[in-house]
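Raw contents of final_32.pdb, PDB, C-alpha atoms:
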ATOM      1  CA  LYS V  25      66.117  57.605  -5.616
ATOM      2  CA  GLY V  26      67.081  54.321  -3.973
ATOM      3  CA  PRO V  27      68.561  51.337  -5.738
ATOM      4  CA  SER V  28      66.360  49.792  -8.412
ATOM      5  CA  ARG V  29      65.607  46.135  -8.946
ATOM      6  CA  GLY V  30      63.905  46.031 -12.308
ATOM      7  CA  SER V  31      60.781  48.177 -12.144
ATOM      8  CA  ILE V  32      60.918  48.416  -8.303
ATOM      9  CA  VAL V  33      62.751  51.339  -6.707
ATOM     10  CA  ASP V  34      63.333  51.657  -2.974
ATOM     11  CA  GLY V  35      62.504  55.066  -1.557
ATOM     12  CA  LEU V  36      60.201  57.177   0.515
ATOM     13  CA  GLY V  37      57.014  58.761  -0.759
ATOM     14  CA  MET V  38      54.502  61.218   0.545
ATOM     15  CA  ALA V  39      51.166  62.506  -0.671
ATOM     16  CA  LEU V  40      48.997  65.467   0.350
ATOM     17  CA  HIS V  41      45.473  66.328  -0.550
ATOM     18  CA  THR V  42      43.064  69.114   0.265
ATOM     19  CA  TRP V  43      39.338  68.715   0.180
ATOM     20  CA  GLY V  44      37.340  71.139  -1.918
ATOM     21  CA  GLY V  45      33.936  70.215  -0.518
ATOM     22  CA  THR V  46      32.165  71.246   2.652
ATOM     23  CA  ALA V  47      30.483  69.252   5.391
ATOM     24  CA  ASN V  48      26.745  68.649   5.418
ATOM     25  CA  THR V  49      24.430  69.796   8.182
ATOM     26  CA  SER V  50      24.419  67.338  11.094
ATOM     27  CA  SER V  51      22.887  66.954  14.556
ATOM     28  CA  CYS V  52      23.979  64.642  17.360
ATOM     29  CA  LEU V  53      22.164  63.629  20.528
ATOM     30  CA  LEU V  54      24.761  62.581  23.078
ATOM     31  CA  LYS V  55      24.011  60.743  26.313
ATOM     32  CA  VAL V  56      26.524  60.316  29.112
ATOM     33  CA  TYR V  57      25.219  57.860  31.689
ATOM     34  CA  PRO V  58      25.854  57.943  35.444
ATOM     35  CA  ASP V  59      27.820  54.671  35.121
ATOM     36  CA  GLY V  60      30.239  56.309  32.646
ATOM     37  CA  GLY V  61      28.666  54.953  29.472
ATOM     38  CA  VAL V  62      28.661  57.220  26.414
ATOM     39  CA  GLU V  63      26.210  56.873  23.556
ATOM     40  CA  SER V  64      25.435  59.042  20.544
ATOM     41  CA  PHE V  65      22.481  59.140  18.178
ATOM     42  CA  CYS V  66      22.822  60.666  14.711
ATOM     43  CA  GLY V  67      20.620  60.209  11.653
ATOM     44  CA  THR V  68      23.587  59.654   9.386
ATOM     45  CA  GLN V  69      24.532  56.393   7.701
ATOM     46  CA  ASP V  70      27.586  54.183   7.548
ATOM     47  CA  LEU V  71      28.010  52.839   4.056
ATOM     48  CA  GLY V  72      31.093  50.908   5.100
ATOM     49  CA  THR V  73      33.298  53.992   5.089
ATOM     50  CA  GLY V  74      33.909  54.096   8.845
ATOM     51  CA  THR V  75      31.393  56.733   9.927
ATOM     52  CA  ARG V  76      30.746  54.930  13.232
ATOM     53  CA  THR V  77      34.479  54.710  13.885
ATOM     54  CA  VAL V  78      35.044  58.401  13.167
ATOM     55  CA  CYS V  79      32.224  59.404  15.545
ATOM     56  CA  ALA V  80      33.631  57.120  18.258
ATOM     57  CA  GLN V  81      37.148  58.503  17.749
ATOM     58  CA  VAL V  82      35.966  62.101  18.096
ATOM     59  CA  LEU V  83      34.085  61.383  21.333
ATOM     60  CA  ALA V  84      36.827  59.159  22.751
ATOM     61  CA  GLU V  85      39.372  61.931  22.227
ATOM     62  CA  THR V  86      37.055  64.508  23.790
ATOM     63  CA  PHE V  87      36.372  62.366  26.886
ATOM     64  CA  GLY V  88      39.816  60.796  27.279
ATOM     65  CA  LEU V  89      38.421  57.301  26.767
ATOM     66  CA  GLU V  90      39.193  54.315  24.576
ATOM     67  CA  VAL V  91      37.255  54.136  21.295
ATOM     68  CA  ASP V  92      35.586  50.862  22.293
ATOM     69  CA  LYS V  93      33.962  52.604  25.294
ATOM     70  CA  ILE V  94      31.776  54.729  22.996
ATOM     71  CA  ARG V  95      28.510  53.440  21.505
ATOM     72  CA  ILE V  96      27.460  55.030  18.218
ATOM     73  CA  ASN V  97      23.902  54.765  16.868
ATOM     74  CA  VAL V  98      23.293  55.698  13.223
ATOM     75  CA  GLY V  99      21.014  54.651  10.406
ATOM     76  CA  SER V 100      17.578  55.589  11.705
ATOM     77  CA  SER V 101      15.294  58.460  10.768
ATOM     78  CA  LYS V 102      14.237  58.484  14.454
ATOM     79  CA  TYR V 103      17.644  59.994  15.317
ATOM     80  CA  PRO V 104      18.542  63.682  14.900
ATOM     81  CA  ASN V 105      18.879  64.733  11.268
ATOM     82  CA  SER V 106      22.146  64.498   9.368
ATOM     83  CA  GLY V 107      22.953  65.012   5.704
ATOM     84  CA  ALA V 108      23.195  62.432   2.976
ATOM     85  CA  SER V 109      26.452  60.802   1.903
ATOM     86  CA  GLY V 110      28.121  62.111  -1.195
ATOM     87  CA  GLY V 111      31.196  64.065  -2.175
ATOM     88  CA  SER V 112      33.011  63.273   1.070
ATOM     89  CA  THR V 113      30.606  65.381   3.133
ATOM     90  CA  THR V 114      29.689  62.903   5.883
ATOM     91  CA  VAL V 115      32.849  62.758   8.028
ATOM     92  CA  GLY V 116      33.111  66.528   8.275
ATOM     93  CA  ALA V 117      29.455  66.791   9.261
ATOM     94  CA  VAL V 118      29.367  64.076  11.919
ATOM     95  CA  SER V 119      32.758  65.104  13.306
ATOM     96  CA  GLU V 120      31.393  68.603  13.856
ATOM     97  CA  SER V 121      28.142  67.593  15.555
ATOM     98  CA  HIS V 122      29.810  64.931  17.717
ATOM     99  CA  ARG V 123      32.721  67.158  18.768
ATOM    100  CA  ARG V 124      30.386  70.021  19.676
ATOM    101  CA  ALA V 125      28.125  67.693  21.706
ATOM    102  CA  GLY V 126      31.183  66.191  23.404
ATOM    103  CA  GLN V 127      32.570  69.601  24.306
ATOM    104  CA  ASP V 128      29.229  70.742  25.731
ATOM    105  CA  ALA V 129      28.940  67.555  27.800
ATOM    106  CA  ILE V 130      32.522  67.574  29.107
ATOM    107  CA  GLU V 131      32.096  71.183  30.213
ATOM    108  CA  LYS V 132      29.162  70.088  32.408
ATOM    109  CA  ILE V 133      31.084  67.080  33.734
ATOM    110  CA  PHE V 134      34.091  69.286  34.503
ATOM    111  CA  ALA V 135      31.816  71.602  36.526
ATOM    112  CA  LEU V 136      30.689  68.632  38.641
ATOM    113  CA  ALA V 137      34.181  67.162  38.981
ATOM    114  CA  ALA V 138      35.651  70.558  39.916
ATOM    115  CA  LYS V 139      33.470  70.685  43.025
ATOM    116  CA  GLU V 140      34.594  67.189  43.997
ATOM    117  CA  LEU V 141      38.269  68.011  43.420
ATOM    118  CA  GLU V 142      37.976  71.551  44.813
ATOM    119  CA  VAL V 143      39.531  73.133  41.729
ATOM    120  CA  ASP V 144      38.439  75.558  39.042
ATOM    121  CA  PRO V 145      36.766  73.677  36.128
ATOM    122  CA  THR V 146      39.000  75.476  33.613
ATOM    123  CA  VAL V 147      42.085  73.553  34.832
ATOM    124  CA  LEU V 148      40.535  70.131  34.244
ATOM    125  CA  GLU V 149      41.311  67.734  31.427
ATOM    126  CA  ALA V 150      40.010  64.304  30.432
ATOM    127  CA  VAL V 151      42.883  61.859  29.917
ATOM    128  CA  GLY V 152      43.154  58.077  30.134
ATOM    129  CA  GLY V 153      39.803  57.494  31.805
ATOM    130  CA  GLN V 154      40.430  60.220  34.379
ATOM    131  CA  ILE V 155      39.287  63.764  34.983
ATOM    132  CA  ARG V 156      42.322  65.521  36.379
ATOM    133  CA  ASP V 157      43.879  68.843  37.238
ATOM    134  CA  SER V 158      46.157  69.610  34.271
ATOM    135  CA  ALA V 159      48.714  71.294  36.560
ATOM    136  CA  ASN V 160      48.562  68.527  39.180
ATOM    137  CA  PRO V 161      47.610  65.214  37.483
ATOM    138  CA  SER V 162      47.655  63.339  40.797
ATOM    139  CA  LYS V 163      44.555  65.337  41.729
ATOM    140  CA  SER V 164      42.021  63.309  39.764
ATOM    141  CA  ILE V 165      38.902  61.197  39.802
ATOM    142  CA  SER V 166      37.960  58.383  37.471
ATOM    143  CA  TRP V 167      35.679  59.004  34.510
ATOM    144  CA  ARG V 168      33.125  56.700  36.103
ATOM    145  CA  LYS V 169      33.220  58.594  39.416
ATOM    146  CA  ALA V 170      32.849  61.922  37.598
ATOM    147  CA  CYS V 171      29.841  60.576  35.705
ATOM    148  CA  SER V 172      28.231  59.318  38.910
ATOM    149  CA  LEU V 173      27.989  62.989  39.917
ATOM    150  CA  ILE V 174      25.486  63.530  37.078
ATOM    151  CA  GLY V 175      22.681  62.032  39.158
ATOM    152  CA  LEU V 176      20.165  59.341  38.322
ATOM    153  CA  LYS V 177      19.351  60.356  34.744
ATOM    154  CA  PRO V 178      21.845  60.583  31.893
ATOM    155  CA  LEU V 179      23.304  63.904  30.849
ATOM    156  CA  GLU V 180      21.803  64.660  27.430
ATOM    157  CA  VAL V 181      23.227  67.171  24.981
ATOM    158  CA  THR V 182      22.141  67.882  21.427
ATOM    159  CA  SER V 183      24.526  69.828  19.214
ATOM    160  CA  ASN V 184      24.395  70.812  15.590
ATOM    161  CA  TYR V 185      26.563  71.851  12.714
ATOM    162  CA  GLN V 186      25.090  73.935   9.891
ATOM    163  CA  ARG V 187      26.477  73.356   6.411
ATOM    164  CA  GLY V 188      28.689  76.251   5.355
ATOM    165  CA  ALA V 189      29.472  77.514   8.863
ATOM    166  CA  ALA V 190      33.153  78.480   9.084
ATOM    167  CA  SER V 191      35.102  75.864  11.013
ATOM    168  CA  PRO V 192      38.714  74.650  11.106
ATOM    169  CA  LEU V 193      37.392  71.075  11.404
ATOM    170  CA  SER V 194      35.358  70.836   8.222
ATOM    171  CA  SER V 195      35.477  73.993   6.107
ATOM    172  CA  SER V 196      36.367  73.842   2.434
ATOM    173  CA  GLY V 197      40.076  73.282   1.935
ATOM    174  CA  VAL V 198      40.605  71.050   4.974
ATOM    175  CA  GLY V 199      43.508  68.652   4.361
TER     176      GLY V 199
END
Can you present the structure in this file as structure tokens?
Amino acid sequence: KGPSRGSIVDGLGMALHTWGGTANTSSCLLKVYPDGGVESFCGTQDLGTGTRTVCAQVLAETFGLEVDKIRINVGSSKYPNSGASGGSTTVGAVSESHRRAGQDAIEKIFALAAKELEVDPTVLEAVGGQIRDSANPSKSISWRKACSLIGLKPLEVTSNYQRGAASPLSSSGVG
């Protein structure tokens, strides 16, 4: 209820929305390379709605990396299956499969890094390109160093999300 100038009124607005749909089934093949590179493969599509960006954001958050450090591959039937676009079902689906793959991979990387840092893997976190002890952040190694512990071949993880599975990330009613 700010001052009005003709048909324009100054003020503050807010909108909320909940989603009545549910995410499609989706699978993601994730590769973490010994040099620290991260790449995903998912048989979804990006119709210009930002699917690649969403997948990169999910993995970047999981690994404590910048979004531009993640390579996303979509749009091929050679990649693991993912549902069709329609009714806002894609983001929920690919977020689920990418987050699950990322969590499975980071758990394995934490196990390797824990030996290097001589800590329990459950205290580790991935932040700002580092794997570090959450209680003692100065006790850390770089993401690249942690990935070098994988060995010569990339770490490969495939994770899935099944449409209709209960999840706080993509169940019906998510805001």
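Applied to the file shown here, the PyMOL selection byres ((chain V and resi 56) around 8) selects Leu54, Lys55, Tyr57, Pro58, Gly60, Gly61, Val62, Glu63, Ala129, Cys171, Pro178, Leu179 and Glu180 of chain V.
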Save the residues we just selected, C-alpha atoms, as a PDB file, in the coordinates of the input?
ATOM      1  CA  LEU V  54      24.761  62.581  23.078  1.00  0.00           C
ATOM      2  CA  LYS V  55      24.011  60.743  26.313  1.00  0.00           C
ATOM      3  CA  TYR V  57      25.219  57.860  31.689  1.00  0.00           C
ATOM      4  CA  PRO V  58      25.854  57.943  35.444  1.00  0.00           C
ATOM      5  CA  GLY V  60      30.239  56.309  32.646  1.00  0.00           C
ATOM      6  CA  GLY V  61      28.666  54.953  29.472  1.00  0.00           C
ATOM      7  CA  VAL V  62      28.661  57.220  26.414  1.00  0.00           C
ATOM      8  CA  GLU V  63      26.210  56.873  23.556  1.00  0.00           C
ATOM      9  CA  ALA V 129      28.940  67.555  27.800  1.00  0.00           C
ATOM     10  CA  CYS V 171      29.841  60.576  35.705  1.00  0.00           C
ATOM     11  CA  PRO V 178      21.845  60.583  31.893  1.00  0.00           C
ATOM     12  CA  LEU V 179      23.304  63.904  30.849  1.00  0.00           C
ATOM     13  CA  GLU V 180      21.803  64.660  27.430  1.00  0.00           C
TER      14      GLU V 180
END
Neighbour list for Val151 of chain V as a PDB file with C-alpha atoms, keeping the file's coordinate frame, cut-off 12 Å, only C-alpha atoms, skip fewer than 5 positions in-chain:
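Output contents, as saved in around-v4.pdb:
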ATOM      1  CA  ALA V  84      36.827  59.159  22.751  1.00  0.00           C
ATOM      2  CA  GLU V  85      39.372  61.931  22.227  1.00  0.00           C
ATOM      3  CA  THR V  86      37.055  64.508  23.790  1.00  0.00           C
ATOM      4  CA  PHE V  87      36.372  62.366  26.886  1.00  0.00           C
ATOM      5  CA  GLY V  88      39.816  60.796  27.279  1.00  0.00           C
ATOM      6  CA  LEU V  89      38.421  57.301  26.767  1.00  0.00           C
ATOM      7  CA  GLU V  90      39.193  54.315  24.576  1.00  0.00           C
ATOM      8  CA  ILE V 130      32.522  67.574  29.107  1.00  0.00           C
ATOM      9  CA  ARG V 156      42.322  65.521  36.379  1.00  0.00           C
ATOM     10  CA  ASP V 157      43.879  68.843  37.238  1.00  0.00           C
ATOM     11  CA  SER V 158      46.157  69.610  34.271  1.00  0.00           C
ATOM     12  CA  PRO V 161      47.610  65.214  37.483  1.00  0.00           C
ATOM     13  CA  SER V 162      47.655  63.339  40.797  1.00  0.00           C
ATOM     14  CA  SER V 164      42.021  63.309  39.764  1.00  0.00           C
ATOM     15  CA  ILE V 165      38.902  61.197  39.802  1.00  0.00           C
ATOM     16  CA  SER V 166      37.960  58.383  37.471  1.00  0.00           C
ATOM     17  CA  TRP V 167      35.679  59.004  34.510  1.00  0.00           C
TER      18      TRP V 167
END
**Request:** Anything within 6 Å of (26.0, 57.4, 39.8): list those residues as a PyMOL selection string, counting all atoms listed in the file and sticking to the file's coordinates.
**Result:** chain V and resi 58-59+172-173+175
**Message:** Need the shell around His122 of chain V: protein/DNA/RNA residues with any atom at most 10 Å away, counting only C-alpha atoms. Skip same-chain ones fewer than 4 positions apart. Format as a ChimeraX atom specification?
**Reply:** /V:50-54,64-66,78-83,86,117-118,126-128,182-185
**Message:** With only C-alpha atoms as the counted atoms, please give the residues lying no more than 9 Å from Ala137 of chain V, apart from itself and same-chain residues fewer than 2 positions off, as a ChimeraX atom specification.
**Reply:** /V:132-135,139-143,145,148,155-156,164-165,169-171,173
**Request:** Pull out every residue that the PyMOL selection byres ((chain V and resi 69) around 8) matches in the shown coordinates and put them as a ChimeraX atom specification.
**Result:** /V:67-68,70-71,75,98-99,108-109
Name all residues at most 10 Å from Ala189 of chain V (count only C-alpha atoms; drop same-chain ones fewer than 3 positions away) and give them as a compact mmCIF listing (two decimals) with C-alpha atoms, in the coordinates of the input.
# COMPACT_ATOMS: atom_id res chain seq x y z
CA THR V 46 32.16 71.25 2.65
CA ALA V 47 30.48 69.25 5.39
CA ASN V 48 26.74 68.65 5.42
CA THR V 49 24.43 69.80 8.18
CA TYR V 185 26.56 71.85 12.71
CA GLN V 186 25.09 73.94 9.89
CA PRO V 192 38.71 74.65 11.11
CA SER V 194 35.36 70.84 8.22
CA SER V 195 35.48 73.99 6.11
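Candidate residues V:Glu131, V:Gly37, V:Ser121, V:Gly74 were compared for distance to Pro104 of chain V, and the nearest is V:Ser121, using all atoms listed in the file.
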**Request:** For atom CA of Leu136 of chain V and atom CA of Val91 of chain V, quote the distance in Å rounded to one decimal.
**Result:** 23.5 Å
**atom CA of Arg187 of chain V to atom CA of Thr113 of chain V, straight-line distance in Å** = 9.6 Å
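Counting all atoms listed in the file and comparing V:Ile32, V:Pro27, V:Arg168, V:Thr42, the residue that lies closest to Gly152 of chain V is V:Arg168.
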Where's the centre, and what are the edge lengths in Å to one decimal, of a box along x, y and z enclosing all listed atoms of segment 152-164 of chain V padded 5 Å per side, as AutoDock Vina command-line options?
--center_x 44.0 --center_y 64.4 --center_z 35.9 --size_x 19.4 --size_y 23.8 --size_z 21.6
